[in-house]
$ cat final_1.cif   # mmCIF, N, CA and C atoms
data_data
#
loop_
_atom_site.label_atom_id
_atom_site.label_comp_id
_atom_site.auth_asym_id
_atom_site.auth_seq_id
_atom_site.Cartn_x
_atom_site.Cartn_y
_atom_site.Cartn_z
N MET A 1 -6.24 24.95 16.23
CA MET A 1 -7.40 25.48 15.53
C MET A 1 -7.85 26.73 16.27
N GLU A 2 -8.22 27.76 15.51
CA GLU A 2 -8.66 29.01 16.12
C GLU A 2 -10.10 28.89 16.60
N ILE A 3 -10.37 29.54 17.71
CA ILE A 3 -11.73 29.58 18.24
C ILE A 3 -12.29 30.95 17.90
N PRO A 4 -13.41 31.00 17.17
CA PRO A 4 -13.98 32.30 16.80
C PRO A 4 -14.52 33.01 18.04
N PRO A 5 -14.52 34.34 18.02
CA PRO A 5 -15.05 35.08 19.18
C PRO A 5 -16.53 34.79 19.36
N LYS A 6 -16.94 34.79 20.63
CA LYS A 6 -18.34 34.48 20.93
C LYS A 6 -19.24 35.64 20.55
N SER A 7 -20.34 35.28 19.95
CA SER A 7 -21.34 36.28 19.63
C SER A 7 -22.42 36.23 20.70
N PRO A 8 -23.19 37.27 20.84
CA PRO A 8 -24.24 37.26 21.86
C PRO A 8 -25.28 36.17 21.62
N ASP A 9 -25.52 35.78 20.36
CA ASP A 9 -26.52 34.76 20.06
C ASP A 9 -26.04 33.37 20.45
N GLU A 10 -24.73 33.18 20.58
CA GLU A 10 -24.19 31.86 20.83
C GLU A 10 -24.58 31.33 22.21
N SER A 11 -24.73 32.21 23.17
CA SER A 11 -25.10 31.77 24.52
C SER A 11 -26.55 31.28 24.56
N GLU A 12 -27.38 31.73 23.62
CA GLU A 12 -28.77 31.33 23.60
C GLU A 12 -28.97 29.95 22.98
N LYS A 13 -27.98 29.43 22.23
CA LYS A 13 -28.14 28.15 21.55
C LYS A 13 -28.07 27.01 22.55
N SER A 14 -28.74 25.92 22.20
CA SER A 14 -28.73 24.75 23.08
C SER A 14 -27.42 23.98 22.93
N PRO A 15 -27.06 23.15 23.91
CA PRO A 15 -25.83 22.36 23.81
C PRO A 15 -25.85 21.37 22.64
N GLN A 16 -27.05 20.88 22.27
CA GLN A 16 -27.12 19.94 21.16
C GLN A 16 -26.72 20.63 19.85
N SER A 17 -27.13 21.85 19.66
CA SER A 17 -26.79 22.54 18.42
C SER A 17 -25.29 22.83 18.36
N LYS A 18 -24.67 23.09 19.53
CA LYS A 18 -23.22 23.30 19.54
C LYS A 18 -22.50 22.02 19.15
N GLU A 19 -22.97 20.87 19.64
CA GLU A 19 -22.35 19.60 19.28
C GLU A 19 -22.49 19.31 17.80
N LEU A 20 -23.66 19.64 17.25
CA LEU A 20 -23.88 19.41 15.83
C LEU A 20 -22.96 20.28 14.99
N MET A 21 -22.79 21.54 15.41
CA MET A 21 -21.90 22.43 14.67
C MET A 21 -20.47 21.92 14.73
N THR A 22 -20.02 21.45 15.87
CA THR A 22 -18.66 20.96 16.01
C THR A 22 -18.44 19.72 15.16
N SER A 23 -19.38 18.78 15.19
CA SER A 23 -19.21 17.56 14.40
C SER A 23 -19.26 17.86 12.91
N ASN A 24 -20.10 18.80 12.51
CA ASN A 24 -20.18 19.17 11.10
C ASN A 24 -18.86 19.78 10.65
N THR A 25 -18.29 20.63 11.46
CA THR A 25 -17.02 21.26 11.12
C THR A 25 -15.92 20.22 11.04
N ALA A 26 -15.92 19.28 11.97
CA ALA A 26 -14.89 18.25 11.97
C ALA A 26 -14.99 17.38 10.72
N SER A 27 -16.20 17.01 10.33
CA SER A 27 -16.34 16.19 9.13
C SER A 27 -15.94 16.96 7.88
N THR A 28 -16.25 18.28 7.85
CA THR A 28 -15.84 19.10 6.71
C THR A 28 -14.33 19.18 6.63
N LEU A 29 -13.68 19.34 7.77
CA LEU A 29 -12.22 19.38 7.78
C LEU A 29 -11.65 18.05 7.33
N TYR A 30 -12.24 16.95 7.77
CA TYR A 30 -11.77 15.63 7.39
C TYR A 30 -11.89 15.43 5.88
N ILE A 31 -13.03 15.82 5.31
CA ILE A 31 -13.24 15.66 3.87
C ILE A 31 -12.25 16.52 3.10
N SER A 32 -12.05 17.76 3.52
CA SER A 32 -11.14 18.63 2.78
C SER A 32 -9.70 18.15 2.91
N SER A 33 -9.33 17.60 4.06
CA SER A 33 -7.96 17.11 4.21
C SER A 33 -7.74 15.89 3.34
N ARG A 34 -8.77 15.06 3.19
CA ARG A 34 -8.63 13.88 2.33
C ARG A 34 -8.49 14.31 0.87
N SER A 35 -9.26 15.30 0.43
CA SER A 35 -9.18 15.70 -0.96
C SER A 35 -7.87 16.41 -1.26
N GLU A 36 -7.34 17.14 -0.29
CA GLU A 36 -6.06 17.81 -0.50
C GLU A 36 -4.92 16.82 -0.60
N SER A 37 -5.02 15.70 0.11
CA SER A 37 -3.93 14.73 0.07
C SER A 37 -3.78 14.12 -1.31
N VAL A 38 -4.86 14.07 -2.09
CA VAL A 38 -4.76 13.54 -3.44
C VAL A 38 -3.93 14.47 -4.31
N TRP A 39 -4.10 15.77 -4.13
CA TRP A 39 -3.42 16.72 -5.00
C TRP A 39 -2.01 17.03 -4.52
N THR A 40 -1.77 16.96 -3.24
CA THR A 40 -0.46 17.34 -2.72
C THR A 40 0.46 16.16 -2.53
N SER A 41 0.05 14.96 -2.90
CA SER A 41 0.90 13.79 -2.70
C SER A 41 2.09 13.88 -3.64
N ALA A 42 3.28 13.78 -3.06
CA ALA A 42 4.50 13.84 -3.85
C ALA A 42 4.70 12.51 -4.56
N SER A 43 5.35 12.56 -5.71
CA SER A 43 5.59 11.31 -6.43
C SER A 43 6.61 10.48 -5.66
N ARG A 44 6.35 9.19 -5.58
CA ARG A 44 7.20 8.30 -4.82
C ARG A 44 8.28 7.73 -5.72
N SER A 45 9.41 7.39 -5.13
CA SER A 45 10.49 6.80 -5.91
C SER A 45 10.15 5.35 -6.25
N LYS A 46 10.91 4.79 -7.18
CA LYS A 46 10.67 3.40 -7.59
C LYS A 46 10.89 2.45 -6.41
N TRP A 47 11.87 2.75 -5.55
CA TRP A 47 12.13 1.88 -4.41
C TRP A 47 10.96 1.90 -3.45
N ASP A 48 10.37 3.09 -3.22
CA ASP A 48 9.21 3.18 -2.33
C ASP A 48 8.03 2.35 -2.85
N ILE A 49 7.91 2.28 -4.16
CA ILE A 49 6.79 1.56 -4.75
C ILE A 49 7.05 0.05 -4.77
N TYR A 50 8.26 -0.35 -5.15
CA TYR A 50 8.54 -1.76 -5.41
C TYR A 50 9.37 -2.45 -4.33
N HIS A 51 9.61 -1.84 -3.17
CA HIS A 51 10.52 -2.46 -2.20
C HIS A 51 9.96 -3.76 -1.61
N LYS A 52 8.67 -3.84 -1.39
CA LYS A 52 8.11 -5.08 -0.82
C LYS A 52 8.23 -6.27 -1.78
N PRO A 53 7.81 -6.14 -3.04
CA PRO A 53 7.97 -7.31 -3.93
C PRO A 53 9.43 -7.66 -4.18
N VAL A 54 10.31 -6.68 -4.21
CA VAL A 54 11.73 -6.97 -4.42
C VAL A 54 12.28 -7.77 -3.24
N ILE A 55 11.88 -7.40 -2.04
CA ILE A 55 12.33 -8.15 -0.85
C ILE A 55 11.78 -9.57 -0.88
N VAL A 56 10.51 -9.73 -1.26
CA VAL A 56 9.90 -11.07 -1.32
C VAL A 56 10.61 -11.92 -2.38
N VAL A 57 10.92 -11.33 -3.54
CA VAL A 57 11.62 -12.07 -4.58
C VAL A 57 13.02 -12.47 -4.10
N SER A 58 13.72 -11.55 -3.44
CA SER A 58 15.08 -11.84 -2.95
C SER A 58 15.08 -12.95 -1.91
N VAL A 59 14.17 -12.88 -0.97
CA VAL A 59 14.09 -13.91 0.06
C VAL A 59 13.69 -15.24 -0.56
N GLY A 60 12.75 -15.21 -1.49
CA GLY A 60 12.33 -16.43 -2.17
C GLY A 60 13.47 -17.07 -2.95
N ALA A 61 14.26 -16.25 -3.64
CA ALA A 61 15.39 -16.79 -4.39
C ALA A 61 16.44 -17.38 -3.45
N ALA A 62 16.68 -16.73 -2.32
CA ALA A 62 17.66 -17.24 -1.35
C ALA A 62 17.20 -18.58 -0.77
N ILE A 63 15.91 -18.67 -0.40
CA ILE A 63 15.39 -19.93 0.16
C ILE A 63 15.39 -21.03 -0.91
N PHE A 64 15.09 -20.66 -2.15
CA PHE A 64 15.12 -21.64 -3.25
C PHE A 64 16.53 -22.18 -3.46
N LEU A 65 17.53 -21.30 -3.46
CA LEU A 65 18.92 -21.75 -3.60
C LEU A 65 19.35 -22.62 -2.42
N PHE A 66 18.93 -22.23 -1.22
CA PHE A 66 19.23 -23.04 -0.04
C PHE A 66 18.61 -24.43 -0.17
N GLY A 67 17.40 -24.50 -0.69
CA GLY A 67 16.75 -25.78 -0.92
C GLY A 67 17.47 -26.62 -1.95
N MET A 68 18.02 -25.95 -2.98
CA MET A 68 18.80 -26.68 -3.98
C MET A 68 20.06 -27.28 -3.36
N VAL A 69 20.70 -26.51 -2.49
CA VAL A 69 21.91 -27.01 -1.83
C VAL A 69 21.57 -28.19 -0.92
N ILE A 70 20.53 -28.05 -0.14
CA ILE A 70 20.13 -29.12 0.78
C ILE A 70 19.74 -30.38 -0.01
N THR A 71 18.99 -30.19 -1.11
CA THR A 71 18.59 -31.34 -1.93
C THR A 71 19.81 -32.01 -2.56
N SER A 72 20.76 -31.23 -3.03
CA SER A 72 21.96 -31.82 -3.62
C SER A 72 22.81 -32.52 -2.57
N LEU A 73 22.74 -32.06 -1.32
CA LEU A 73 23.48 -32.75 -0.25
C LEU A 73 22.90 -34.14 0.01
N SER A 74 21.60 -34.31 -0.29
CA SER A 74 21.00 -35.63 -0.06
C SER A 74 21.51 -36.66 -1.06
N CYS A 75 22.08 -36.20 -2.18
CA CYS A 75 22.63 -37.13 -3.17
C CYS A 75 23.98 -37.68 -2.74
N ILE A 76 24.67 -36.92 -1.91
CA ILE A 76 25.97 -37.36 -1.41
C ILE A 76 25.74 -38.29 -0.22
N GLN A 77 26.59 -39.26 -0.06
CA GLN A 77 26.44 -40.21 1.05
C GLN A 77 26.82 -39.53 2.37
N ILE A 78 25.79 -39.08 3.10
CA ILE A 78 25.97 -38.45 4.42
C ILE A 78 25.11 -39.24 5.40
N LYS A 79 25.50 -39.21 6.67
CA LYS A 79 24.76 -40.02 7.65
C LYS A 79 23.33 -39.54 7.89
N ASN A 80 23.03 -38.25 7.70
CA ASN A 80 21.66 -37.73 7.91
C ASN A 80 20.95 -37.53 6.57
N LYS A 81 21.01 -38.50 5.72
CA LYS A 81 20.48 -38.39 4.37
C LYS A 81 18.96 -38.18 4.36
N ASN A 82 18.24 -38.83 5.27
CA ASN A 82 16.78 -38.71 5.31
C ASN A 82 16.34 -37.29 5.67
N VAL A 83 17.11 -36.64 6.55
CA VAL A 83 16.77 -35.26 6.93
C VAL A 83 16.90 -34.34 5.73
N TYR A 84 17.97 -34.51 4.97
CA TYR A 84 18.17 -33.67 3.78
C TYR A 84 17.11 -33.95 2.72
N LYS A 85 16.70 -35.22 2.60
CA LYS A 85 15.67 -35.55 1.62
C LYS A 85 14.31 -34.95 1.99
N MET A 86 14.06 -34.77 3.29
CA MET A 86 12.79 -34.16 3.72
C MET A 86 12.85 -32.64 3.66
N CYS A 87 13.94 -32.04 4.10
CA CYS A 87 14.03 -30.59 4.19
C CYS A 87 14.31 -29.93 2.85
N GLY A 88 15.05 -30.58 1.98
CA GLY A 88 15.41 -29.99 0.69
C GLY A 88 14.21 -29.61 -0.15
N PRO A 89 13.32 -30.55 -0.44
CA PRO A 89 12.13 -30.20 -1.23
C PRO A 89 11.22 -29.17 -0.54
N ALA A 90 11.19 -29.19 0.79
CA ALA A 90 10.36 -28.20 1.50
C ALA A 90 10.90 -26.79 1.27
N PHE A 91 12.23 -26.62 1.37
CA PHE A 91 12.81 -25.31 1.11
C PHE A 91 12.69 -24.93 -0.36
N LEU A 92 12.81 -25.91 -1.25
CA LEU A 92 12.63 -25.63 -2.68
C LEU A 92 11.23 -25.09 -2.95
N SER A 93 10.22 -25.75 -2.41
CA SER A 93 8.85 -25.32 -2.69
C SER A 93 8.53 -23.98 -2.03
N LEU A 94 9.01 -23.77 -0.80
CA LEU A 94 8.77 -22.50 -0.13
C LEU A 94 9.45 -21.35 -0.87
N GLY A 95 10.69 -21.57 -1.29
CA GLY A 95 11.41 -20.53 -2.03
C GLY A 95 10.76 -20.23 -3.36
N LEU A 96 10.33 -21.28 -4.05
CA LEU A 96 9.67 -21.08 -5.34
C LEU A 96 8.34 -20.35 -5.18
N MET A 97 7.62 -20.66 -4.11
CA MET A 97 6.34 -19.98 -3.85
C MET A 97 6.57 -18.48 -3.62
N LEU A 98 7.55 -18.13 -2.78
CA LEU A 98 7.83 -16.72 -2.53
C LEU A 98 8.34 -16.02 -3.79
N LEU A 99 9.16 -16.70 -4.54
CA LEU A 99 9.69 -16.13 -5.78
C LEU A 99 8.57 -15.82 -6.76
N VAL A 100 7.67 -16.74 -6.95
CA VAL A 100 6.57 -16.53 -7.89
C VAL A 100 5.61 -15.45 -7.37
N CYS A 101 5.34 -15.46 -6.08
CA CYS A 101 4.45 -14.42 -5.52
C CYS A 101 5.02 -13.03 -5.74
N GLY A 102 6.31 -12.87 -5.49
CA GLY A 102 6.95 -11.57 -5.71
C GLY A 102 6.95 -11.16 -7.17
N LEU A 103 7.20 -12.13 -8.06
CA LEU A 103 7.21 -11.82 -9.49
C LEU A 103 5.82 -11.47 -10.01
N VAL A 104 4.78 -12.04 -9.44
CA VAL A 104 3.41 -11.71 -9.85
C VAL A 104 2.98 -10.37 -9.26
N TRP A 105 3.51 -10.05 -8.09
CA TRP A 105 3.14 -8.82 -7.39
C TRP A 105 3.59 -7.58 -8.18
N ILE A 106 4.71 -7.65 -8.88
CA ILE A 106 5.25 -6.49 -9.59
C ILE A 106 4.29 -6.00 -10.69
N PRO A 107 3.77 -6.85 -11.58
CA PRO A 107 2.82 -6.34 -12.58
C PRO A 107 1.52 -5.82 -11.97
N ILE A 108 1.12 -6.39 -10.84
CA ILE A 108 -0.09 -5.89 -10.16
C ILE A 108 0.12 -4.46 -9.70
N ILE A 109 1.30 -4.18 -9.14
CA ILE A 109 1.60 -2.81 -8.68
C ILE A 109 1.66 -1.86 -9.87
N ARG A 110 2.26 -2.31 -10.97
CA ARG A 110 2.32 -1.46 -12.17
C ARG A 110 0.91 -1.10 -12.66
N LYS A 111 0.03 -2.09 -12.69
CA LYS A 111 -1.34 -1.86 -13.15
C LYS A 111 -2.06 -0.88 -12.21
N LYS A 112 -1.83 -1.04 -10.92
CA LYS A 112 -2.45 -0.16 -9.95
C LYS A 112 -1.95 1.28 -10.10
N GLN A 113 -0.66 1.44 -10.39
CA GLN A 113 -0.11 2.79 -10.60
C GLN A 113 -0.72 3.45 -11.83
N LYS A 114 -0.91 2.68 -12.90
CA LYS A 114 -1.54 3.23 -14.10
C LYS A 114 -2.97 3.66 -13.81
N GLN A 115 -3.70 2.84 -13.03
CA GLN A 115 -5.08 3.19 -12.70
C GLN A 115 -5.13 4.46 -11.86
N ARG A 116 -4.18 4.62 -10.93
CA ARG A 116 -4.14 5.85 -10.12
C ARG A 116 -3.87 7.06 -10.98
N GLN A 117 -2.96 6.93 -11.95
CA GLN A 117 -2.67 8.06 -12.83
C GLN A 117 -3.90 8.43 -13.65
N LYS A 118 -4.61 7.43 -14.16
CA LYS A 118 -5.83 7.70 -14.92
C LYS A 118 -6.88 8.35 -14.02
N SER A 119 -6.99 7.86 -12.78
CA SER A 119 -7.97 8.39 -11.86
C SER A 119 -7.67 9.85 -11.53
N GLN A 120 -6.41 10.17 -11.30
CA GLN A 120 -6.05 11.56 -10.99
C GLN A 120 -6.30 12.45 -12.20
N PHE A 121 -6.03 11.93 -13.40
CA PHE A 121 -6.29 12.70 -14.61
C PHE A 121 -7.78 12.96 -14.77
N LEU A 122 -8.60 11.94 -14.55
CA LEU A 122 -10.05 12.12 -14.66
C LEU A 122 -10.58 13.06 -13.58
N GLN A 123 -10.01 13.00 -12.38
CA GLN A 123 -10.42 13.93 -11.32
C GLN A 123 -10.10 15.37 -11.70
N SER A 124 -8.94 15.58 -12.30
CA SER A 124 -8.58 16.94 -12.70
C SER A 124 -9.48 17.44 -13.83
N LEU A 125 -9.83 16.55 -14.77
CA LEU A 125 -10.76 16.94 -15.83
C LEU A 125 -12.13 17.27 -15.25
N LYS A 126 -12.59 16.44 -14.32
CA LYS A 126 -13.90 16.66 -13.71
C LYS A 126 -13.92 17.99 -12.97
N SER A 127 -12.89 18.26 -12.20
CA SER A 127 -12.86 19.52 -11.45
C SER A 127 -12.74 20.71 -12.40
N PHE A 128 -12.05 20.52 -13.52
CA PHE A 128 -11.91 21.62 -14.50
C PHE A 128 -13.25 21.99 -15.11
N PHE A 129 -14.05 20.97 -15.50
CA PHE A 129 -15.30 21.25 -16.16
C PHE A 129 -16.42 21.63 -15.21
N PHE A 130 -16.43 21.07 -14.00
CA PHE A 130 -17.54 21.34 -13.09
C PHE A 130 -17.30 22.53 -12.18
N ASN A 131 -16.11 23.05 -12.12
CA ASN A 131 -15.84 24.21 -11.26
C ASN A 131 -15.84 25.52 -12.03
N ARG A 132 -16.48 25.53 -13.16
CA ARG A 132 -16.54 26.78 -13.93
C ARG A 132 -17.75 27.57 -13.56
#

$ encode --input "final_1.cif" --output "C-alpha cells"
Amino acid sequence: MEIPPKSPDESEKSPQSKELMTSNTASTLYISSRSESVWTSASRSKWDIYHKPVIVVSVGAAIFLFGMVITSLSCIQIKNKNVYKMCGPAFLSLGLMLLVCGLVWIPIIRKKQKQRQKSQFLQSLKSFFFNR
C-alpha cells in the first residue's frame, strides 16, 4: 500500500486522529474488496460445486454394498455368524444414511445456486438504477 506524502498539517494532528483515519481506511478497503469479490468471482465448474455430495453418495453406496455383503454372509453357515449379524445391519444403516444425505444435499445446492444467481441479478439491477 502506498503511503501518501506528509503534509505540514499532519504533524499537528493527535495520535488518536491518526488511528481513526487508519481504521477508517482499512474498513473502507475491506468493504470494497468484499463488494468486488461478488462481481469478479469466476464461474465454478460442476465438479467444484457438487464434489462434496458426490463423494458422500459414493462412500455411502460403498458402505451400503459392504453391509449387504456382510449381511448375506450371516445367512451362510460360518463360525462367526453372530459378528456378521451385528455388523451387517450397522453397515447397511450407515451406508443408507450417507447415501440419503448426499442425495438430499444435491437439490439443496441447486436451490442455493439459483438464489445466488437471482441475488446477483437483483444487485446488478439495483446498482444500475441507483448509480445514475

$ resolve_selection --input "final_1.cif" --expression "the PyMOL selection byres ((chain A and resi 85-99) around 7)" --output "JSON, numbers by chain"
{"A": [56, 57, 58, 59, 60, 61, 62, 63, 64, 65, 66, 67, 68, 69, 70, 71, 72, 73, 74, 80, 81, 82, 83, 84, 100, 101, 102, 103, 104]}

$ atom_distance --input "final_1.cif" --atom1 "atom CA of Lys112 of chain A" --atom2 "atom C of Lys126 of chain A"
21.7 Å

$ axis_aligned_box --input "final_1.cif" --around "segment 102-117 of chain A" --padding-each-side "3 Å" --output "JSON"
{"center_x": 1.0, "center_y": -2.2, "center_z": -9.8, "size_x": 18.3, "size_y": 27.3, "size_z": 14.6}

$ atom_distance --input "final_1.cif" --atom1 "atom C of Arg44 of chain A" --atom2 "atom CA of Gln113 of chain A"
10.9 Å

$ residues_near_point --input "final_1.cif" --point "(3.6, -4.3, -4.6)" --cutoff "6.5 Å" --atoms "only N, CA and C atoms" --output "number ranges by chain"
A: 49-50, 52-53, 105-106, 108-109

$ atom_distance --input "final_1.cif" --atom1 "atom N of Ser45 of chain A" --atom2 "atom N of Phe121 of chain A"
18.1 Å
